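**Student:** Structure file query34.pdb (PDB, C-alpha atoms) right here:
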ATOM      1  CA  MET A   1      -3.490  12.237  13.245
ATOM      2  CA  LYS A   2      -0.768  14.370  14.786
ATOM      3  CA  PHE A   3       1.881  16.062  12.653
ATOM      4  CA  VAL A   4       4.597  13.904  14.228
ATOM      5  CA  ASP A   5       2.711  10.765  13.106
ATOM      6  CA  TYR A   6       2.326  12.159   9.599
ATOM      7  CA  LYS A   7       6.032  12.987   9.436
ATOM      8  CA  ARG A   8       6.929   9.483  10.684
ATOM      9  CA  LEU A   9       4.744   7.836   8.010
ATOM     10  CA  VAL A  10       6.251   9.892   5.185
ATOM     11  CA  ALA A  11       9.777   9.213   6.496
ATOM     12  CA  SER A  12       9.096   5.455   6.749
ATOM     13  CA  ASP A  13       7.789   5.341   3.166
ATOM     14  CA  LEU A  14      10.843   7.267   1.954
ATOM     15  CA  HIS A  15      13.193   4.983   3.878
ATOM     16  CA  ARG A  16      11.623   1.878   2.316
ATOM     17  CA  ILE A  17      12.237   3.347  -1.160
ATOM     18  CA  SER A  18      15.660   4.926  -0.683
ATOM     19  CA  GLY A  19      17.297   3.484   2.428
ATOM     20  CA  ASN A  20      17.273   6.790   4.317
ATOM     21  CA  SER A  21      14.996   9.710   5.055
ATOM     22  CA  ARG A  22      17.296  12.726   4.857
ATOM     23  CA  ALA A  23      16.006  16.042   3.481
ATOM     24  CA  LYS A  24      18.180  15.827   0.354
ATOM     25  CA  THR A  25      16.807  12.346  -0.379
ATOM     26  CA  PHE A  26      13.263  13.594   0.192
ATOM     27  CA  ILE A  27      13.643  16.406  -2.329
ATOM     28  CA  ARG A  28      15.201  14.151  -4.966
ATOM     29  CA  HIS A  29      12.539  11.452  -4.564
ATOM     30  CA  PHE A  30       9.704  13.983  -4.410
ATOM     31  CA  ILE A  31      10.817  15.394  -7.761
ATOM     32  CA  LEU A  32      11.911  12.210  -9.559
ATOM     33  CA  ILE A  33      10.137   9.146  -8.144
ATOM     34  CA  PRO A  34       6.442   8.828  -9.134
ATOM     35  CA  GLU A  35       5.642   6.191  -6.493
ATOM     36  CA  PHE A  36       6.970   8.357  -3.658
ATOM     37  CA  LYS A  37       5.269  11.462  -5.036
ATOM     38  CA  TYR A  38       1.924   9.629  -4.936
ATOM     39  CA  LEU A  39       2.548   8.257  -1.427
ATOM     40  CA  PHE A  40       3.507  11.712  -0.152
ATOM     41  CA  TRP A  41       0.267  13.273  -1.373
ATOM     42  CA  MET A  42      -1.760  10.296  -0.127
ATOM     43  CA  ARG A  43      -0.282  10.688   3.381
ATOM     44  CA  THR A  44      -0.727  14.479   3.171
ATOM     45  CA  CYS A  45      -4.434  14.148   2.336
ATOM     46  CA  LYS A  46      -4.905  11.715   5.222
ATOM     47  CA  TYR A  47      -3.186  14.147   7.599
ATOM     48  CA  LEU A  48      -5.145  17.179   6.387
ATOM     49  CA  SER A  49      -8.458  15.305   6.614
ATOM     50  CA  SER A  50      -7.825  14.479  10.271
ATOM     51  CA  THR A  51      -6.809  17.984  11.321
ATOM     52  CA  PRO A  52      -9.777  20.311  11.911
ATOM     53  CA  VAL A  53      -7.514  23.279  12.651
ATOM     54  CA  LEU A  54      -6.176  23.445   9.121
ATOM     55  CA  ASN A  55      -8.176  25.103   6.414
ATOM     56  CA  LYS A  56     -10.219  22.547   4.443
ATOM     57  CA  SER A  57      -9.225  24.312   1.233
ATOM     58  CA  LEU A  58      -5.731  22.845   1.744
ATOM     59  CA  LEU A  59      -7.297  19.382   1.756
ATOM     60  CA  PHE A  60      -9.193  20.197  -1.432
ATOM     61  CA  ILE A  61      -5.966  21.262  -3.162
ATOM     62  CA  ALA A  62      -4.088  18.194  -1.893
ATOM     63  CA  GLU A  63      -6.931  15.940  -3.100
ATOM     64  CA  LEU A  64      -6.725  17.513  -6.569
ATOM     65  CA  ILE A  65      -2.965  16.918  -6.683
ATOM     66  CA  LEU A  66      -3.413  13.305  -5.492
ATOM     67  CA  ARG A  67      -6.103  12.719  -8.095
ATOM     68  CA  HIS A  68      -3.859  14.177 -10.806
ATOM     69  CA  TYR A  69      -1.002  11.838  -9.895
ATOM     70  CA  GLY A  70      -3.398   8.917  -9.544
ATOM     71  CA  ILE A  71      -4.574   9.394 -13.121
ATOM     72  CA  LYS A  72      -1.085  10.157 -14.438
ATOM     73  CA  TYR A  73       0.541   7.097 -12.834
ATOM     74  CA  GLY A  74      -2.385   4.679 -12.777
ATOM     75  CA  ILE A  75      -2.613   4.396  -9.003
ATOM     76  CA  GLY A  76      -5.983   4.210  -7.261
ATOM     77  CA  ILE A  77      -5.319   4.095  -3.526
ATOM     78  CA  PRO A  78      -7.751   6.310  -1.607
ATOM     79  CA  TYR A  79      -6.118   8.328   1.162
ATOM     80  CA  GLN A  80      -8.835   7.107   3.544
ATOM     81  CA  THR A  81      -7.533   3.524   3.285
ATOM     82  CA  GLU A  82      -5.908   2.316   6.506
ATOM     83  CA  ILE A  83      -2.234   1.754   5.640
ATOM     84  CA  GLY A  84       0.614   1.098   8.064
ATOM     85  CA  SER A  85       4.084   2.611   8.026
ATOM     86  CA  GLY A  86       6.743   1.733   5.466
ATOM     87  CA  PHE A  87       4.379   1.380   2.499
ATOM     88  CA  TYR A  88       6.245   0.570  -0.726
ATOM     89  CA  LEU A  89       5.015   0.742  -4.307
ATOM     90  CA  ALA A  90       7.481  -1.200  -6.438
ATOM     91  CA  HIS A  91       6.233   0.139  -9.786
ATOM     92  CA  TYR A  92       3.346   2.369 -10.667
ATOM     93  CA  GLY A  93       0.565   1.416 -13.051
ATOM     94  CA  CYS A  94      -2.830  -0.176 -12.653
ATOM     95  CA  ILE A  95      -2.784  -0.388  -8.840
ATOM     96  CA  VAL A  96      -6.284  -0.430  -7.360
ATOM     97  CA  VAL A  97      -7.017  -0.624  -3.635
ATOM     98  CA  SER A  98     -10.479  -0.486  -2.088
ATOM     99  CA  ILE A  99     -11.111   2.343   0.343
ATOM    100  CA  ASN A 100     -12.090  -0.191   3.034
ATOM    101  CA  ALA A 101      -9.095  -2.494   2.611
ATOM    102  CA  VAL A 102      -6.601  -2.596   5.488
ATOM    103  CA  ILE A 103      -2.856  -2.825   4.817
ATOM    104  CA  GLY A 104      -0.302  -3.501   7.556
ATOM    105  CA  LYS A 105       3.163  -2.048   7.915
ATOM    106  CA  ASN A 106       6.033  -2.714   5.491
ATOM    107  CA  CYS A 107       3.803  -3.919   2.676
ATOM    108  CA  ASN A 108       5.044  -4.052  -0.939
ATOM    109  CA  LEU A 109       2.571  -3.612  -3.787
ATOM    110  CA  SER A 110       3.660  -4.182  -7.373
ATOM    111  CA  ASN A 111       2.104  -2.917 -10.581
ATOM    112  CA  GLY A 112      -1.221  -4.426 -11.604
ATOM    113  CA  VAL A 113      -2.272  -5.275  -8.033
ATOM    114  CA  THR A 114      -5.927  -5.137  -7.002
ATOM    115  CA  LEU A 115      -7.169  -5.308  -3.415
ATOM    116  CA  GLY A 116     -10.893  -5.353  -4.043
ATOM    117  CA  LYS A 117     -14.338  -5.899  -2.638
ATOM    118  CA  ALA A 118     -16.475  -8.995  -3.083
ATOM    119  CA  ASN A 119     -20.150  -8.041  -3.276
ATOM    120  CA  ARG A 120     -21.640 -11.432  -2.480
ATOM    121  CA  GLY A 121     -20.886 -14.908  -1.233
ATOM    122  CA  LYS A 122     -19.152 -16.136   1.899
ATOM    123  CA  ARG A 123     -16.209 -13.717   1.385
ATOM    124  CA  GLN A 124     -18.323 -10.589   0.930
ATOM    125  CA  GLY A 125     -16.263  -7.624   2.067
ATOM    126  CA  PHE A 126     -12.723  -6.255   1.870
ATOM    127  CA  PRO A 127      -9.200  -7.708   2.250
ATOM    128  CA  VAL A 128      -7.062  -7.281   5.347
ATOM    129  CA  ILE A 129      -3.331  -7.516   4.660
ATOM    130  CA  GLY A 130      -0.878  -8.258   7.491
ATOM    131  CA  ASP A 131       2.581  -6.834   8.158
ATOM    132  CA  ASN A 132       5.627  -7.477   5.926
ATOM    133  CA  VAL A 133       3.584  -8.751   2.974
ATOM    134  CA  TYR A 134       4.877  -8.834  -0.600
ATOM    135  CA  ILE A 135       2.219  -8.760  -3.332
ATOM    136  CA  GLY A 136       3.636  -9.519  -6.784
ATOM    137  CA  PRO A 137       2.766  -7.969 -10.157
ATOM    138  CA  GLY A 138      -0.777  -8.559 -11.335
ATOM    139  CA  ALA A 139      -1.931 -10.235  -8.126
ATOM    140  CA  LYS A 140      -5.572  -9.872  -7.095
ATOM    141  CA  ILE A 141      -6.846 -10.237  -3.532
ATOM    142  CA  ILE A 142     -10.619 -10.131  -3.542
ATOM    143  CA  GLY A 143     -13.183 -10.138  -0.735
ATOM    144  CA  ALA A 144     -13.005 -10.471   3.040
ATOM    145  CA  VAL A 145      -9.700 -12.309   2.942
ATOM    146  CA  GLN A 146      -7.203 -12.267   5.799
ATOM    147  CA  VAL A 147      -3.602 -12.348   4.567
ATOM    148  CA  GLY A 148      -1.259 -13.149   7.463
ATOM    149  CA  ASP A 149       2.058 -11.538   8.343
ATOM    150  CA  ASN A 150       5.201 -12.237   6.276
ATOM    151  CA  VAL A 151       3.287 -13.610   3.274
ATOM    152  CA  ALA A 152       4.481 -13.560  -0.337
ATOM    153  CA  VAL A 153       1.771 -13.502  -3.014
ATOM    154  CA  GLY A 154       3.123 -14.506  -6.427
ATOM    155  CA  ALA A 155       2.681 -12.721  -9.724
ATOM    156  CA  ASN A 156      -0.820 -12.925 -11.230
ATOM    157  CA  CYS A 157      -2.094 -14.921  -8.252
ATOM    158  CA  VAL A 158      -5.803 -14.621  -7.412
ATOM    159  CA  VAL A 159      -6.420 -14.899  -3.673
ATOM    160  CA  THR A 160     -10.003 -15.537  -2.542
ATOM    161  CA  GLU A 161      -9.334 -17.496   0.658
ATOM    162  CA  ASP A 162      -7.478 -16.683   3.890
ATOM    163  CA  VAL A 163      -3.696 -17.056   3.772
ATOM    164  CA  PRO A 164      -1.782 -18.150   6.899
ATOM    165  CA  ALA A 165       1.286 -16.290   8.146
ATOM    166  CA  ASN A 166       4.634 -16.972   6.436
ATOM    167  CA  ALA A 167       3.007 -18.596   3.398
ATOM    168  CA  VAL A 168       3.960 -18.303  -0.255
ATOM    169  CA  VAL A 169       0.833 -18.269  -2.433
ATOM    170  CA  VAL A 170       0.720 -18.751  -6.216
ATOM    171  CA  GLY A 171      -1.741 -19.645  -8.938
ATOM    172  CA  ILE A 172      -5.379 -19.179  -9.837
ATOM    173  CA  PRO A 173      -6.985 -19.732  -7.412
ATOM    174  CA  GLY A 174      -4.164 -19.016  -4.969
ATOM    175  CA  ARG A 175      -2.697 -22.022  -3.152
ATOM    176  CA  VAL A 176       0.066 -22.249  -0.581
ATOM    177  CA  ILE A 177       3.215 -23.838  -2.005
ATOM    178  CA  SER A 178       5.593 -23.233   0.919
ATOM    179  CA  TYR A 179       6.095 -21.458   4.204
ATOM    180  CA  ASN A 180       9.219 -19.491   3.213
ATOM    181  CA  GLY A 181       7.228 -16.251   3.450
ATOM    182  CA  SER A 182       8.299 -12.819   2.257
ATOM    183  CA  GLU A 183      11.886 -12.953   3.509
ATOM    184  CA  GLY A 184      14.136 -11.282   0.942
ATOM    185  CA  TYR A 185      11.275  -9.324  -0.623
ATOM    186  CA  ILE A 186      10.697  -6.906   2.238
ATOM    187  CA  ASN A 187      13.791  -4.727   2.743
ATOM    188  CA  ARG A 188      14.770  -1.520   4.534
ATOM    189  CA  VAL A 189      12.496  -1.895   7.532
ATOM    190  CA  ASP A 190      14.985  -0.355   9.971
ATOM    191  CA  TYR A 191      13.488   3.134   9.816
TER     192      TYR A 191
END
Represent the structure contained in this file as structure tokens.
**Tutor:**
Amino acid sequence: MKFVDYKRLVASDLHRISGNSRAKTFIRHFILIPEFKYLFWMRTCKYLSSTPVLNKSLLFIAELILRHYGIKYGIGIPYQTEIGSGFYLAHYGCIVVSINAVIGKNCNLSNGVTLGKANRGKRQGFPVIGDNVYIGPGAKIIGAVQVGDNVAVGANCVVTEDVPANAVVVGIPGRVISYNGSEGYINRVDY
């Protein structure tokens, strides 16, 4: 990853949270907003791990800081996870994402969300989340599930089957109730 790509990812995450990516906003959010603080260190670890020129001791320090904030805020998103630009954590607490999950751009994760692995059965594997997806509080997406673009997953929904684009999914197990999608849930994507 090039530094310009790293900077763009951090700026897109900040813009999704605050509506802009100015230096003053960065400093304020870095100090006061736990979700942004975690995302910053997650992106920093990813950048440092992909840059052989930099001293690996910097990565070690960044990993320690990320781990500290992960424990403090209850966020378990490994920096190795493939995550697109404009990632948004609505609230911290009990967020668990598998290292092999894939998350598209402009995705919203709420507190209590799990994107996890299924160890057996026809959906053995990891979830792949499309672009502009809203995942509500307490939702679980388990196994090799494809969640299409512009999907809204309702609170406490358990998704174990593929979800088509523009769907709204609710319930246990998750079922499509409409095709109104995530419009209105995904904001500030003009970064």
**Student:** Considering all atoms listed in the file, return as number ranges by chain whatever protein or nucleic-acid residues lie within 9 Å of Ile99 in chain A, sequence-local ones (same chain, fewer than 3 positions apart) excluded.
**Tutor:** A: 77-82, 102, 116, 126
**Student:** Using all atoms listed in the file, which of the listed residues (A:Thr44, A:Asn150, A:Asn108, A:Asn180) sits closest to Gly86 in chain A?
**Tutor:**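 That would be A:Asn108, the residue with the smallest distance to Gly86 in chain A.
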**Student:** So that I can see what lies close to Thr160 in chain A, please list as a ChimeraX atom specification the residues with an atom at most 12 Å from it, counting all atoms listed in the file and leaving out residues fewer than 2 positions away in the same chain.
**Tutor:** /A:115-118,121-128,139-147,153,157-158,162-163,169-175
**Student:** Just to be explicit: take each residue in the selection above, keep C-alpha atoms, and write the result as a PDB file, in the frame of the given file.
**Tutor:**
ATOM      1  CA  LEU A 115      -7.169  -5.308  -3.415  1.00  0.00           C
ATOM      2  CA  GLY A 116     -10.893  -5.353  -4.043  1.00  0.00           C
ATOM      3  CA  LYS A 117     -14.338  -5.899  -2.638  1.00  0.00           C
ATOM      4  CA  ALA A 118     -16.475  -8.995  -3.083  1.00  0.00           C
ATOM      5  CA  GLY A 121     -20.886 -14.908  -1.233  1.00  0.00           C
ATOM      6  CA  LYS A 122     -19.152 -16.136   1.899  1.00  0.00           C
ATOM      7  CA  ARG A 123     -16.209 -13.717   1.385  1.00  0.00           C
ATOM      8  CA  GLN A 124     -18.323 -10.589   0.930  1.00  0.00           C
ATOM      9  CA  GLY A 125     -16.263  -7.624   2.067  1.00  0.00           C
ATOM     10  CA  PHE A 126     -12.723  -6.255   1.870  1.00  0.00           C
ATOM     11  CA  PRO A 127      -9.200  -7.708   2.250  1.00  0.00           C
ATOM     12  CA  VAL A 128      -7.062  -7.281   5.347  1.00  0.00           C
ATOM     13  CA  ALA A 139      -1.931 -10.235  -8.126  1.00  0.00           C
ATOM     14  CA  LYS A 140      -5.572  -9.872  -7.095  1.00  0.00           C
ATOM     15  CA  ILE A 141      -6.846 -10.237  -3.532  1.00  0.00           C
ATOM     16  CA  ILE A 142     -10.619 -10.131  -3.542  1.00  0.00           C
ATOM     17  CA  GLY A 143     -13.183 -10.138  -0.735  1.00  0.00           C
ATOM     18  CA  ALA A 144     -13.005 -10.471   3.040  1.00  0.00           C
ATOM     19  CA  VAL A 145      -9.700 -12.309   2.942  1.00  0.00           C
ATOM     20  CA  GLN A 146      -7.203 -12.267   5.799  1.00  0.00           C
ATOM     21  CA  VAL A 147      -3.602 -12.348   4.567  1.00  0.00           C
ATOM     22  CA  VAL A 153       1.771 -13.502  -3.014  1.00  0.00           C
ATOM     23  CA  CYS A 157      -2.094 -14.921  -8.252  1.00  0.00           C
ATOM     24  CA  VAL A 158      -5.803 -14.621  -7.412  1.00  0.00           C
ATOM     25  CA  ASP A 162      -7.478 -16.683   3.890  1.00  0.00           C
ATOM     26  CA  VAL A 163      -3.696 -17.056   3.772  1.00  0.00           C
ATOM     27  CA  VAL A 169       0.833 -18.269  -2.433  1.00  0.00           C
ATOM     28  CA  VAL A 170       0.720 -18.751  -6.216  1.00  0.00           C
ATOM     29  CA  GLY A 171      -1.741 -19.645  -8.938  1.00  0.00           C
ATOM     30  CA  ILE A 172      -5.379 -19.179  -9.837  1.00  0.00           C
ATOM     31  CA  PRO A 173      -6.985 -19.732  -7.412  1.00  0.00           C
ATOM     32  CA  GLY A 174      -4.164 -19.016  -4.969  1.00  0.00           C
ATOM     33  CA  ARG A 175      -2.697 -22.022  -3.152  1.00  0.00           C
TER      34      ARG A 175
END
**Student:** Output the residue selection produced by the PyMOL selection byres ((chain A and resi 130) around 6) on the file above, formatted as a ChimeraX atom specification.
**Tutor:** /A:104,129,131,147-149
**Student:** Which residue is closest to Asn187 in chain A? Choose from A:Asn106, A:Asn55, A:Leu14, A:Arg43 and count all atoms listed in the file.
**Tutor:**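 The closest residue to Asn187 in chain A is A:Asn106.
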**Student:** Take every atom of range 23-29 of chain A listed in the file, fit an axis-aligned box around them, add 4 Å per side, and give the centre and edge lengths in Å to one decimal as lines of an AutoDock Vina configuration file.
**Tutor:**
center_x = 15.4
center_y = 13.9
center_z = -0.7
size_x = 13.6
size_y = 13.0
size_z = 16.4
**Student:** Extract, using only C-alpha atoms, all DNA, RNA and protein residues at most 6 Å from Ala152 in chain A, discarding same-chain residues fewer than 5 positions from it, and format them as a ChimeraX atom specification.
**Tutor:** /A:133-134,168,181-182
**Student:** Pick the closest to Tyr6 in chain A from A:Trp41, A:Phe36, A:Tyr47, A:Tyr92: which is it, counting only C-alpha atoms?
**Tutor:**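 Looking only at the distances to Tyr6 in chain A, the closest residue turns out to be A:Tyr47.
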**Student:** A:Lys105, A:His68, A:Lys24, A:Lys7: which is nearest Ser85 in chain A, counting only C-alpha atoms?
**Tutor:**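 Closest to Ser85 in chain A of all the choices is A:Lys105.
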